[in-house]
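Enquirer: Compact mmCIF, C-alpha atoms, saved as entry33.txt, coming up:
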# COMPACT_ATOMS: atom_id res chain seq x y z
CA MET Z 1 6.69 11.11 30.38
CA SER Z 2 2.91 11.66 30.54
CA SER Z 3 0.48 9.07 29.23
CA THR Z 4 -0.46 11.43 26.39
CA LEU Z 5 3.13 11.69 25.16
CA LYS Z 6 3.53 7.92 25.39
CA ILE Z 7 0.46 7.43 23.24
CA TYR Z 8 1.69 9.99 20.70
CA THR Z 9 4.99 8.13 20.54
CA LEU Z 10 3.05 4.98 19.67
CA ALA Z 11 1.11 7.01 17.08
CA VAL Z 12 4.42 8.00 15.46
CA LEU Z 13 5.24 4.29 15.17
CA SER Z 14 1.91 3.73 13.48
CA PHE Z 15 2.72 6.59 11.09
CA LEU Z 16 6.07 5.04 10.21
CA VAL Z 17 4.49 1.64 9.63
CA GLY Z 18 1.76 3.11 7.43
CA THR Z 19 4.31 5.10 5.44
CA SER Z 20 6.47 2.02 4.86
CA GLU Z 21 3.42 0.22 3.43
CA TYR Z 22 1.82 2.95 1.31
CA ILE Z 23 4.94 4.78 0.11
CA ILE Z 24 5.56 2.27 -2.68
CA ALA Z 25 2.47 3.57 -4.50
CA GLY Z 26 3.95 7.08 -4.44
CA ILE Z 27 7.36 6.11 -5.86
CA LEU Z 28 6.49 3.08 -7.99
CA ASP Z 29 7.84 4.61 -11.20
CA LYS Z 30 11.16 5.51 -9.57
CA ILE Z 31 11.64 2.02 -8.10
CA ALA Z 32 10.88 0.41 -11.47
CA GLU Z 33 13.35 2.70 -13.23
CA SER Z 34 16.21 2.25 -10.76
CA THR Z 35 15.87 -1.54 -10.36
CA GLY Z 36 15.31 -2.19 -14.06
CA VAL Z 37 11.95 -3.93 -13.66
CA THR Z 38 8.50 -3.22 -15.06
CA LEU Z 39 5.83 -1.22 -13.23
CA VAL Z 40 3.88 -4.43 -12.66
CA THR Z 41 6.88 -6.19 -11.12
CA ALA Z 42 7.62 -3.21 -8.89
CA GLY Z 43 3.95 -3.17 -7.85
CA GLN Z 44 4.34 -6.65 -6.40
CA LEU Z 45 6.35 -5.07 -3.56
CA ILE Z 46 2.97 -3.91 -2.23
CA THR Z 47 1.57 -7.44 -2.55
CA ILE Z 48 4.54 -8.98 -0.74
CA PHE Z 49 4.32 -6.51 2.16
CA SER Z 50 0.57 -7.04 2.58
CA LEU Z 51 0.77 -10.85 2.44
CA SER Z 52 3.60 -10.85 4.99
CA TYR Z 53 1.56 -8.54 7.22
CA ALA Z 54 -1.65 -10.59 6.83
CA PHE Z 55 -0.21 -14.06 7.42
CA GLY Z 56 2.87 -13.26 9.49
CA THR Z 57 1.26 -11.04 12.14
CA PRO Z 58 -1.33 -13.50 13.55
CA ILE Z 59 1.24 -16.31 13.59
CA VAL Z 60 3.85 -14.22 15.41
CA MET Z 61 1.24 -12.86 17.83
CA ALA Z 62 0.09 -16.42 18.62
CA LEU Z 63 3.67 -17.63 19.16
CA THR Z 64 4.53 -14.65 21.39
CA ALA Z 65 1.21 -14.45 23.26
CA ARG Z 66 2.89 -14.96 26.64
CA MET Z 67 5.71 -12.48 25.98
CA GLU Z 68 5.75 -9.23 27.94
CA ARG Z 69 4.21 -6.57 25.65
CA ARG Z 70 6.93 -3.94 25.91
CA LYS Z 71 9.59 -6.50 25.05
CA LEU Z 72 7.54 -7.70 22.08
CA LEU Z 73 7.19 -4.13 20.79
CA LEU Z 74 10.93 -3.51 21.14
CA TYR Z 75 11.77 -6.73 19.27
CA ALA Z 76 9.27 -5.97 16.49
CA LEU Z 77 10.44 -2.38 16.16
CA THR Z 78 14.08 -3.50 16.02
CA LEU Z 79 13.26 -5.85 13.14
CA PHE Z 80 11.29 -3.05 11.47
CA VAL Z 81 14.30 -0.70 11.70
CA ILE Z 82 16.63 -3.39 10.33
CA SER Z 83 14.28 -4.12 7.40
CA ASN Z 84 14.18 -0.42 6.45
CA VAL Z 85 17.96 -0.13 6.70
CA LEU Z 86 18.26 -3.18 4.43
CA ALA Z 87 15.89 -1.55 1.90
CA TYR Z 88 18.13 1.53 2.02
CA MET Z 89 21.46 -0.29 1.72
CA LEU Z 90 20.82 -3.32 -0.47
CA THR Z 91 20.72 -3.19 -4.26
CA GLY Z 92 18.67 -5.35 -6.57
CA TYR Z 93 14.98 -6.18 -6.74
CA GLU Z 94 15.32 -9.63 -5.13
CA LEU Z 95 16.95 -8.24 -1.98
CA LEU Z 96 14.30 -5.54 -1.85
CA ILE Z 97 11.69 -8.31 -1.76
CA ALA Z 98 13.43 -9.87 1.27
CA SER Z 99 13.40 -6.55 3.10
CA ARG Z 100 9.67 -6.08 2.34
CA ILE Z 101 8.86 -9.49 3.85
CA LEU Z 102 10.63 -8.57 7.09
CA MET Z 103 9.04 -5.11 6.96
CA GLY Z 104 5.52 -6.50 6.60
CA ILE Z 105 5.77 -8.97 9.48
CA SER Z 106 7.47 -6.53 11.86
CA ALA Z 107 5.06 -3.72 10.90
CA GLY Z 108 2.01 -5.82 11.72
CA VAL Z 109 3.35 -6.91 15.10
CA THR Z 110 4.39 -3.31 15.87
CA VAL Z 111 0.85 -2.01 15.23
CA VAL Z 112 -0.87 -4.74 17.28
CA ALA Z 113 1.57 -4.34 20.19
CA SER Z 114 1.24 -0.55 20.05
CA LEU Z 115 -2.56 -0.75 20.23
CA THR Z 116 -2.35 -3.11 23.22
CA ILE Z 117 0.14 -0.90 25.06
CA ALA Z 118 -1.86 2.25 24.27
CA THR Z 119 -4.85 0.87 26.21
CA LYS Z 120 -2.57 0.04 29.15
CA VAL Z 121 -0.89 3.45 29.45
CA ALA Z 122 -4.04 5.49 28.79
CA LEU Z 123 -5.84 7.23 31.62
CA PRO Z 124 -8.94 5.41 32.94
CA GLY Z 125 -11.86 5.90 30.59
CA LYS Z 126 -9.59 7.15 27.78
CA GLU Z 127 -8.73 3.77 26.24
CA GLY Z 128 -10.87 4.41 23.15
CA SER Z 129 -9.19 7.75 22.51
CA ALA Z 130 -5.79 6.10 22.87
CA ILE Z 131 -6.64 3.52 20.21
CA ALA Z 132 -8.01 6.25 17.93
CA ALA Z 133 -4.78 8.26 18.32
CA VAL Z 134 -2.61 5.29 17.33
CA LEU Z 135 -4.83 4.50 14.34
CA MET Z 136 -4.77 8.17 13.36
CA GLY Z 137 -1.02 7.81 12.90
CA PHE Z 138 -1.74 5.15 10.28
CA THR Z 139 -4.22 7.44 8.53
CA ALA Z 140 -1.73 10.33 8.67
CA SER Z 141 0.71 8.25 6.65
CA LEU Z 142 -1.70 8.54 3.72
CA ILE Z 143 -2.04 12.30 4.22
CA LEU Z 144 1.61 13.17 4.84
CA GLY Z 145 3.80 10.09 4.41
CA VAL Z 146 3.12 9.34 0.75
CA PRO Z 147 3.31 12.93 -0.63
CA ILE Z 148 6.35 13.76 1.54
CA GLY Z 149 7.97 10.55 0.31
CA ARG Z 150 7.32 11.64 -3.26
CA VAL Z 151 8.97 15.02 -2.62
CA ILE Z 152 12.00 13.36 -0.99
CA SER Z 153 12.33 10.89 -3.86
CA SER Z 154 12.29 13.80 -6.32
CA ALA Z 155 15.10 15.60 -4.48
CA TYR Z 156 17.13 12.55 -3.48
CA GLU Z 157 17.24 8.84 -4.32
CA TRP Z 158 14.05 6.99 -3.32
CA LYS Z 159 16.05 4.75 -0.97
CA ALA Z 160 16.58 7.78 1.28
CA ILE Z 161 12.93 7.42 2.38
CA PHE Z 162 13.58 4.02 3.95
CA GLY Z 163 16.80 5.29 5.49
CA GLY Z 164 14.82 8.13 7.10
CA ILE Z 165 12.14 5.75 8.38
CA GLY Z 166 14.87 3.58 9.87
CA LEU Z 167 16.47 6.54 11.67
CA VAL Z 168 13.17 7.77 13.14
CA GLY Z 169 12.32 4.18 14.11
CA LEU Z 170 15.67 3.88 15.90
CA LEU Z 171 14.96 7.07 17.84
CA ALA Z 172 11.51 5.76 18.77
CA LEU Z 173 13.12 2.51 19.89
CA PHE Z 174 15.22 4.32 22.50
CA ILE Z 175 12.29 6.49 23.64
CA ILE Z 176 10.07 3.46 24.14
CA ALA Z 177 12.80 1.55 25.97
CA ILE Z 178 13.12 4.45 28.42
CA THR Z 179 9.51 5.58 28.85
CA ILE Z 180 7.17 2.59 28.36
CA PRO Z 181 6.89 0.43 31.50
CA ARG Z 182 6.91 -3.36 31.50
CA MET Z 183 3.43 -4.87 31.28
CA ALA Z 184 2.09 -8.38 31.48
CA ALA Z 185 1.02 -10.34 28.43
CA GLU Z 186 -2.66 -10.90 27.77
CA ALA Z 187 -4.38 -14.28 27.73
CA PRO Z 188 -3.59 -15.89 24.37
CA VAL Z 189 -6.38 -16.36 21.84
CA PRO Z 190 -5.74 -19.58 19.84
CA LEU Z 191 -5.79 -19.28 16.06
CA ARG Z 192 -8.47 -21.99 16.05
CA SER Z 193 -10.76 -19.71 18.05
CA GLN Z 194 -10.08 -16.81 15.71
CA LEU Z 195 -10.83 -18.85 12.58
CA ALA Z 196 -13.98 -20.40 14.11
CA LEU Z 197 -15.88 -17.18 13.41
CA LEU Z 198 -15.33 -17.69 9.70
CA LYS Z 199 -17.69 -20.68 9.76
CA GLN Z 200 -20.60 -18.30 10.23
CA PRO Z 201 -22.05 -16.93 6.93
CA LYS Z 202 -22.81 -13.49 8.37
CA MET Z 203 -19.14 -13.09 9.37
CA LEU Z 204 -17.90 -14.07 5.91
CA ILE Z 205 -20.34 -11.68 4.25
CA GLY Z 206 -19.33 -8.89 6.64
CA LEU Z 207 -15.63 -9.42 5.98
CA SER Z 208 -16.26 -9.62 2.22
CA VAL Z 209 -17.37 -5.97 2.37
CA SER Z 210 -13.90 -5.04 3.65
CA PHE Z 211 -12.21 -7.31 1.12
CA PHE Z 212 -13.88 -5.95 -2.03
CA TRP Z 213 -13.80 -2.36 -0.75
CA ILE Z 214 -10.02 -2.46 -0.24
CA VAL Z 215 -9.44 -4.52 -3.40
CA GLY Z 216 -11.05 -1.72 -5.41
CA TYR Z 217 -8.94 0.86 -3.57
CA SER Z 218 -5.69 -1.07 -4.01
CA ILE Z 219 -6.20 -1.76 -7.73
CA PHE Z 220 -6.16 1.96 -8.47
CA TYR Z 221 -4.02 3.42 -5.68
CA SER Z 222 -1.17 0.95 -6.25
CA TYR Z 223 -0.68 2.49 -9.68
CA ILE Z 224 -1.86 6.04 -9.03
CA SER Z 225 1.57 7.65 -9.52
CA PRO Z 226 2.39 6.12 -12.93
CA PHE Z 227 -1.26 6.67 -13.94
CA LEU Z 228 -1.12 10.40 -13.18
CA LEU Z 229 2.36 10.81 -14.65
CA THR Z 230 1.79 8.80 -17.84
CA VAL Z 231 -1.93 8.89 -18.64
CA THR Z 232 -2.71 12.37 -17.28
CA GLY Z 233 0.73 13.86 -17.94
CA MET Z 234 1.23 15.48 -14.52
CA SER Z 235 4.59 16.86 -13.43
CA ASP Z 236 6.34 15.60 -10.29
CA LYS Z 237 5.39 18.79 -8.42
CA THR Z 238 1.71 18.55 -9.40
CA LEU Z 239 1.68 14.86 -8.48
CA SER Z 240 2.99 15.61 -4.96
CA ILE Z 241 0.31 18.29 -4.45
CA THR Z 242 -2.37 15.94 -5.77
CA LEU Z 243 -1.31 13.12 -3.44
CA PHE Z 244 -1.44 15.54 -0.51
CA ALA Z 245 -4.97 16.66 -1.50
CA VAL Z 246 -6.03 13.02 -1.82
CA GLY Z 247 -4.68 12.32 1.66
CA ILE Z 248 -6.56 15.25 3.23
CA ALA Z 249 -9.75 14.07 1.53
CA SER Z 250 -9.28 10.58 3.00
CA LEU Z 251 -9.17 12.04 6.52
CA ILE Z 252 -12.30 14.15 5.93
CA GLY Z 253 -14.03 11.13 4.42
CA SER Z 254 -13.24 9.00 7.44
CA LYS Z 255 -14.62 11.67 9.78
CA PHE Z 256 -17.74 12.03 7.65
CA GLY Z 257 -18.20 8.26 7.72
CA GLY Z 258 -18.49 8.42 11.51
CA PHE Z 259 -21.00 11.26 11.26
CA GLY Z 260 -23.00 9.43 8.61
CA THR Z 261 -23.12 6.26 10.66
CA ASP Z 262 -24.69 8.10 13.58
CA LYS Z 263 -27.14 10.00 11.35
CA TRP Z 264 -28.16 7.49 8.67
CA GLY Z 265 -27.05 4.12 10.02
CA ILE Z 266 -24.40 1.60 9.05
CA HIS Z 267 -25.79 0.15 5.82
CA ARG Z 268 -26.92 3.44 4.28
CA THR Z 269 -23.54 5.05 4.95
CA LEU Z 270 -21.70 2.06 3.50
CA ILE Z 271 -23.87 1.92 0.38
CA GLY Z 272 -23.67 5.69 -0.15
CA GLY Z 273 -19.90 5.88 0.26
CA LEU Z 274 -19.12 2.82 -1.85
CA SER Z 275 -21.55 3.83 -4.61
CA LEU Z 276 -19.97 7.30 -4.79
CA ASN Z 277 -16.61 5.54 -4.94
CA VAL Z 278 -17.69 3.54 -8.01
CA ALA Z 279 -19.01 6.68 -9.70
CA ALA Z 280 -15.79 8.59 -8.98
CA LEU Z 281 -13.64 5.81 -10.46
CA LEU Z 282 -15.67 5.88 -13.67
CA LEU Z 283 -15.33 9.68 -13.81
CA ILE Z 284 -11.56 9.34 -13.35
CA MET Z 285 -11.56 7.14 -16.45
CA LEU Z 286 -13.55 9.75 -18.41
CA PHE Z 287 -11.47 12.77 -17.33
CA ALA Z 288 -8.07 11.04 -17.13
CA GLN Z 289 -6.52 13.53 -19.57
CA SER Z 290 -8.02 16.67 -18.02
CA PRO Z 291 -5.77 17.41 -14.99
CA VAL Z 292 -7.87 20.25 -13.50
CA ILE Z 293 -11.11 18.27 -13.51
CA LEU Z 294 -9.32 15.08 -12.56
CA ILE Z 295 -7.89 16.50 -9.33
CA SER Z 296 -11.40 17.38 -8.15
CA VAL Z 297 -12.65 13.90 -9.02
CA LEU Z 298 -9.69 12.32 -7.21
CA VAL Z 299 -10.58 14.26 -4.07
CA ILE Z 300 -14.15 12.94 -4.29
CA TRP Z 301 -12.80 9.42 -4.87
CA SER Z 302 -10.53 9.58 -1.83
CA PHE Z 303 -13.30 11.05 0.33
CA SER Z 304 -15.70 8.26 -0.65
CA THR Z 305 -13.02 5.58 -0.38
CA TRP Z 306 -12.44 6.14 3.32
CA SER Z 307 -15.96 7.09 4.43
CA PRO Z 308 -16.87 3.36 4.81
CA GLY Z 309 -14.15 2.94 7.48
CA PRO Z 310 -16.11 3.82 10.65
CA PRO Z 311 -19.41 2.15 9.67
CA GLN Z 312 -17.65 -1.04 8.59
CA GLN Z 313 -15.73 -1.28 11.89
CA LEU Z 314 -18.99 -0.85 13.81
CA HIS Z 315 -20.73 -3.30 11.49
CA LEU Z 316 -18.19 -6.02 12.30
CA ILE Z 317 -18.29 -5.32 16.03
CA ARG Z 318 -22.09 -5.67 16.03
CA LEU Z 319 -21.84 -8.95 14.14
CA ALA Z 320 -19.83 -10.46 17.00
CA PRO Z 321 -20.05 -8.19 20.07
CA GLU Z 322 -18.76 -10.98 22.31
CA SER Z 323 -15.69 -11.45 20.08
CA SER Z 324 -15.10 -7.91 18.83
CA GLY Z 325 -11.31 -8.09 19.31
CA ILE Z 326 -11.03 -11.27 17.24
CA MET Z 327 -13.35 -9.87 14.57
CA LEU Z 328 -11.31 -6.69 14.20
CA SER Z 329 -8.13 -8.78 14.03
CA LEU Z 330 -9.64 -10.86 11.23
CA ASN Z 331 -10.71 -7.66 9.50
CA ASN Z 332 -7.15 -6.33 9.71
CA SER Z 333 -5.84 -9.49 8.03
CA THR Z 334 -8.63 -9.30 5.44
CA ILE Z 335 -7.66 -5.73 4.58
CA GLN Z 336 -4.03 -6.71 4.07
CA LEU Z 337 -5.04 -9.66 1.89
CA ALA Z 338 -7.23 -7.29 -0.11
CA MET Z 339 -4.31 -4.87 -0.51
CA ALA Z 340 -2.22 -7.74 -1.88
CA ALA Z 341 -4.99 -8.99 -4.17
CA GLY Z 342 -5.73 -5.49 -5.44
CA ALA Z 343 -2.10 -4.81 -6.28
CA GLY Z 344 -1.93 -8.14 -8.10
CA ILE Z 345 -5.16 -7.55 -10.05
CA GLY Z 346 -4.06 -4.01 -10.88
CA GLY Z 347 -0.74 -5.34 -12.15
CA ALA Z 348 -2.51 -7.90 -14.33
CA ALA Z 349 -4.76 -5.15 -15.74
CA VAL Z 350 -1.76 -2.95 -16.57
CA GLU Z 351 0.08 -5.85 -18.19
CA GLN Z 352 -2.80 -7.43 -20.09
CA ILE Z 353 -4.91 -4.37 -20.95
CA SER Z 354 -3.44 -0.91 -20.24
CA LEU Z 355 -2.44 1.42 -17.42
CA SER Z 356 -5.65 3.41 -17.79
CA SER Z 357 -7.75 0.26 -17.30
CA VAL Z 358 -7.07 0.20 -13.55
CA THR Z 359 -9.88 2.73 -13.03
CA TRP Z 360 -12.76 0.65 -14.38
CA VAL Z 361 -11.30 -2.59 -13.00
CA ALA Z 362 -11.21 -0.90 -9.57
CA ALA Z 363 -14.82 0.23 -10.09
CA VAL Z 364 -15.86 -3.39 -10.70
CA GLY Z 365 -14.12 -4.50 -7.50
CA THR Z 366 -15.81 -1.76 -5.47
CA ALA Z 367 -19.19 -2.62 -7.03
CA PHE Z 368 -18.82 -6.09 -5.54
CA ALA Z 369 -18.44 -4.39 -2.14
CA VAL Z 370 -21.75 -2.58 -2.71
CA GLY Z 371 -23.36 -5.92 -3.50
CA ALA Z 372 -21.87 -7.45 -0.36
CA VAL Z 373 -23.43 -4.67 1.76
CA PHE Z 374 -26.86 -5.33 0.26
CA LEU Z 375 -26.41 -9.06 0.89
CA SER Z 376 -25.31 -8.40 4.47
CA ARG Z 377 -28.30 -6.15 5.11
CA ARG Z 378 -30.65 -8.76 3.65
CA TYR Z 379 -29.07 -11.49 5.77
CA ASP Z 380 -29.31 -9.37 8.91
CA ARG Z 381 -33.00 -8.67 8.28
CA SER Z 382 -33.83 -12.33 7.62
CA THR Z 383 -31.95 -13.40 10.74
CA SER Z 384 -33.78 -10.79 12.83
CA SER Z 385 -37.14 -11.91 11.42
CA GLN Z 386 -36.39 -15.53 12.27
CA ALA Z 387 -35.35 -14.54 15.78
CA LEU Z 388 -38.57 -12.55 16.29
CA GLY Z 389 -40.63 -15.42 14.90
CA GLY Z 390 -38.99 -17.86 17.27
CA GLN Z 391 -39.56 -15.50 20.17
CA SER Z 392 -43.29 -15.21 19.27
CA ILE Z 393 -43.64 -19.03 19.30
CA ILE Z 394 -41.99 -19.21 22.72
CA ASN Z 395 -44.22 -16.46 24.10
CA SER Z 396 -47.35 -18.14 22.76
Just give me the structure as structure tokens.

Expert:
Amino acid sequence: MSSTLKIYTLAVLSFLVGTSEYIIAGILDKIAESTGVTLVTAGQLITIFSLSYAFGTPIVMALTARMERRKLLLYALTLFVISNVLAYMLTGYELLIASRILMGISAGVTVVASLTIATKVALPGKEGSAIAAVLMGFTASLILGVPIGRVISSAYEWKAIFGGIGLVGLLALFIIAITIPRMAAEAPVPLRSQLALLKQPKMLIGLSVSFFWIVGYSIFYSYISPFLLTVTGMSDKTLSITLFAVGIASLIGSKFGGFGTDKWGIHRTLIGGLSLNVAALLLIMLFAQSPVILISVLVIWSFSTWSPGPPQQLHLIRLAPESSGIMLSLNNSTIQLAMAAGAGIGGAAVEQISLSSVTWVAAVGTAFAVGAVFLSRRYDRSTSSQALGGQSIINS
């Protein structure tokens, strides 16, 4: 098998992992109805997955640092398949929680191992493209995985989605076992070294941008299906089309974020995208009961939600160019923690206020991200001024 096909196989894994995480938001109402729990309780399945991903992945990666990468991927993917089969077969909310814990941990290790292997099997000079292809699989799960999952859940029982993910994962397991060569483990990076970066204020401020950005996203997106079905009054068919449009907009937004970063710089692109995000969330609140207008606003919201992706990744890399891998790993954990926090805050808003309140609560969370960008820019400028001042003293 060519290196390109190997990388696309890894991208399929990334797609499956992303679908297993995000799909809950697309079928939340169906899970709540079939398990006999409230929307808020069902929404905690997102929180559990994200927390397991955020805390479990770095621990497992540290414990298995010396393990051969192909073997690690096969073990993680096997556990991922088993967790999806359990979600398909088991009944009851409590057992579904157990399957989500296993799913979160195995999904995180699968993504990290896939990214590592992608750089090893890529042609010389194409390592960056290989990483982008694997990450694109994750993005594609938003575009295709969630709306397709909604369609499947409308035609069959929602559990069929996890059964399908398990079957595709099993097929991928055999393909990887046959086509991916053995490769040596990388030098382990102790957790102490990873956490040491968090002692630096600029790192904490930089990561806080990711945290509040994704918190705002998760507050609303975790409850987007019941919101559109109940508050807006959409049909199942219209909801599936809307979710697909939202996914396409997220891809365009991500691409535009890269363009904007090159043209206007990191901070301007971040502030512009996040500010538009806040405005769109407030418009969603205003036009919640006007489906035609709302769909257009949702597209703008999704576009602006994912435009900060490229500039924020570059922002973090520039904060610690000598430790870019560790910084991106910390950012990945931060994003998962934010997903968990957002789902929890959204659930509290639904329970204590109303389902429609998730829009303005999400806007508040995203506004904090805008503030964090301004603070980061101010800190960067003051640090640069101090460095230039020190250099002038030395030169004199």

Enquirer: Between Z:Val17, Z:Ile284, Z:Ile7, Z:Ile271, which is the closest to Trp213 in chain Z once you count all atoms listed in the file?

Expert: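 Smallest distance to Trp213 in chain Z is found for Z:Ile271.
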
Enquirer: Which is closest to Ile82 in chain Z among Z:Ala107, Z:Met67, Z:Ala122, Z:Leu355, if we use all atoms listed in the file?

Expert: Z:Ala107

Enquirer: Could you pull the residues within 9 Å of Val278 in chain Z, counting all atoms listed in the file, minus those fewer than 4 positions along the same chain, as a list in words?

Expert: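 So the residues in contact are Gly216, Gly273, Leu274, Leu282, Leu283, Trp301, Ser304, Trp360, Ala362, Ala363, Val364, Gly365, Thr366 and Ala367 of chain Z.
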
Enquirer: Taking all atoms of range 330-333 of chain Z that appear in the file, build a box with edges along x, y and z, extend it by 4 Å on every side, and state its centre and edge lengths in Å to one decimal, as lines of an AutoDock Vina configuration file.

Expert:
center_x = -8.3
center_y = -8.6
center_z = 9.6
size_x = 12.9
size_y = 12.5
size_z = 11.2

Enquirer: Name the closest residue to Ile178 in chain Z among the candidates Z:Thr9, Z:Ser222, Z:Ala62, Z:Gly145; distances are taken between atoms, counting only C-alpha atoms.

Expert: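 Nearest to Ile178 in chain Z: Z:Thr9.
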
Enquirer: For a quick check of understanding, using only C-alpha atoms, which of Z:Val373, Z:Leu10, Z:Ile27, Z:Ile205 has the smallest distance to Ile266 in chain Z?

Expert: Z:Val373

Enquirer: One decimal, Å: what's the distance from CA of Arg182 in chain Z over to CA of Asn331 in chain Z, could you say?

Expert: 28.5 Å

Enquirer: Can you pull out every residue within 6 Å of Thr359 in chain Z, counting all atoms listed in the file, but drop anything in the same chain fewer than 3 positions away, and send it as a PyMOL selection string?

Expert: chain Z and resi 220+281+285+362

Enquirer: With only C-alpha atoms as the basis for distance, which of Z:Val370, Z:Leu243, Z:Ala177, Z:Ile97 is at the shortest distance from Ser275 in chain Z?

Expert: Z:Val370

Enquirer: Using all atoms listed in the file, which residue out of Z:Ser99, Z:Ser218, Z:Ser20, Z:Ser329 lies closest to Thr57 in chain Z?

Expert: Z:Ser329

Enquirer: For range 34-38 of chain Z, please output as a list in words all residues within 9 Å (counting all atoms listed in the file; exclusion window: fewer than 4 positions along the same chain).

Expert: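 Neighbouring residues, sequence-local ones excluded: Asp29, Lys30, Ala42, Gly43, Thr91, Gly92 and Tyr93 of chain Z.
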
Enquirer: Just to confirm, what's the straight-line distance from CA of Tyr221 in chain Z to CA of Ser357 in chain Z in Å (one decimal)?

Expert: 12.6 Å

Enquirer: Would you list the contacts of Val231 in chain Z as a PyMOL selection string, taking every protein, DNA or RNA residue within 9 Å and counting all atoms listed in the file, but skipping same-chain residues closer than 5 positions in sequence?

Expert: chain Z and resi 226+288-289+355-356

Enquirer: Select all residues near (-23.8, -12.4, 5.6) (cut-off 6 Å, inclusive, file coordinates), counting all atoms listed in the file, and output them as an mmCIF file with C-alpha atoms, in the coordinates of the input.

Expert:
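Saved file out.cif follows:
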data_model
loop_
_atom_site.group_PDB
_atom_site.id
_atom_site.type_symbol
_atom_site.label_atom_id
_atom_site.label_comp_id
_atom_site.auth_asym_id
_atom_site.auth_seq_id
_atom_site.Cartn_x
_atom_site.Cartn_y
_atom_site.Cartn_z
ATOM 1 C CA PRO Z 201 -22.050 -16.930 6.930
ATOM 2 C CA LYS Z 202 -22.810 -13.490 8.370
ATOM 3 C CA ILE Z 205 -20.340 -11.680 4.250
ATOM 4 C CA GLY Z 206 -19.330 -8.890 6.640
ATOM 5 C CA SER Z 376 -25.310 -8.400 4.470
ATOM 6 C CA TYR Z 379 -29.070 -11.490 5.770
#

Enquirer: Suppose you want the space between CA of Pro311 in chain Z and CA of Leu135 in chain Z; what is it in Å?

Expert: 15.5 Å

Enquirer: Hey, what's within 7 Å of Ala160 in chain Z if we count all atoms listed in the file and toss same-chain stuff fewer than 4 positions away? As a list in words, please?

Expert: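 Using all atoms listed in the file, the neighbours found are Tyr88, Tyr156 and Gly164 of chain Z.
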
Enquirer: Give as a tab-separated table (two decimals) with C-alpha atoms, keeping the file's coordinate frame each residue that has an atom at most 7 Å from (-13.1, 6.4, 7.3) in the file, counting all atoms listed in the file.

Expert:
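Output (point_30.tsv):
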chain	number	residue	atom	x	y	z
Z	251	LEU	CA	-9.17	12.04	6.52
Z	253	GLY	CA	-14.03	11.13	4.42
Z	254	SER	CA	-13.24	9.00	7.44
Z	255	LYS	CA	-14.62	11.67	9.78
Z	257	GLY	CA	-18.20	8.26	7.72
Z	306	TRP	CA	-12.44	6.14	3.32
Z	307	SER	CA	-15.96	7.09	4.43
Z	308	PRO	CA	-16.87	3.36	4.81
Z	309	GLY	CA	-14.15	2.94	7.48
Z	310	PRO	CA	-16.11	3.82	10.65
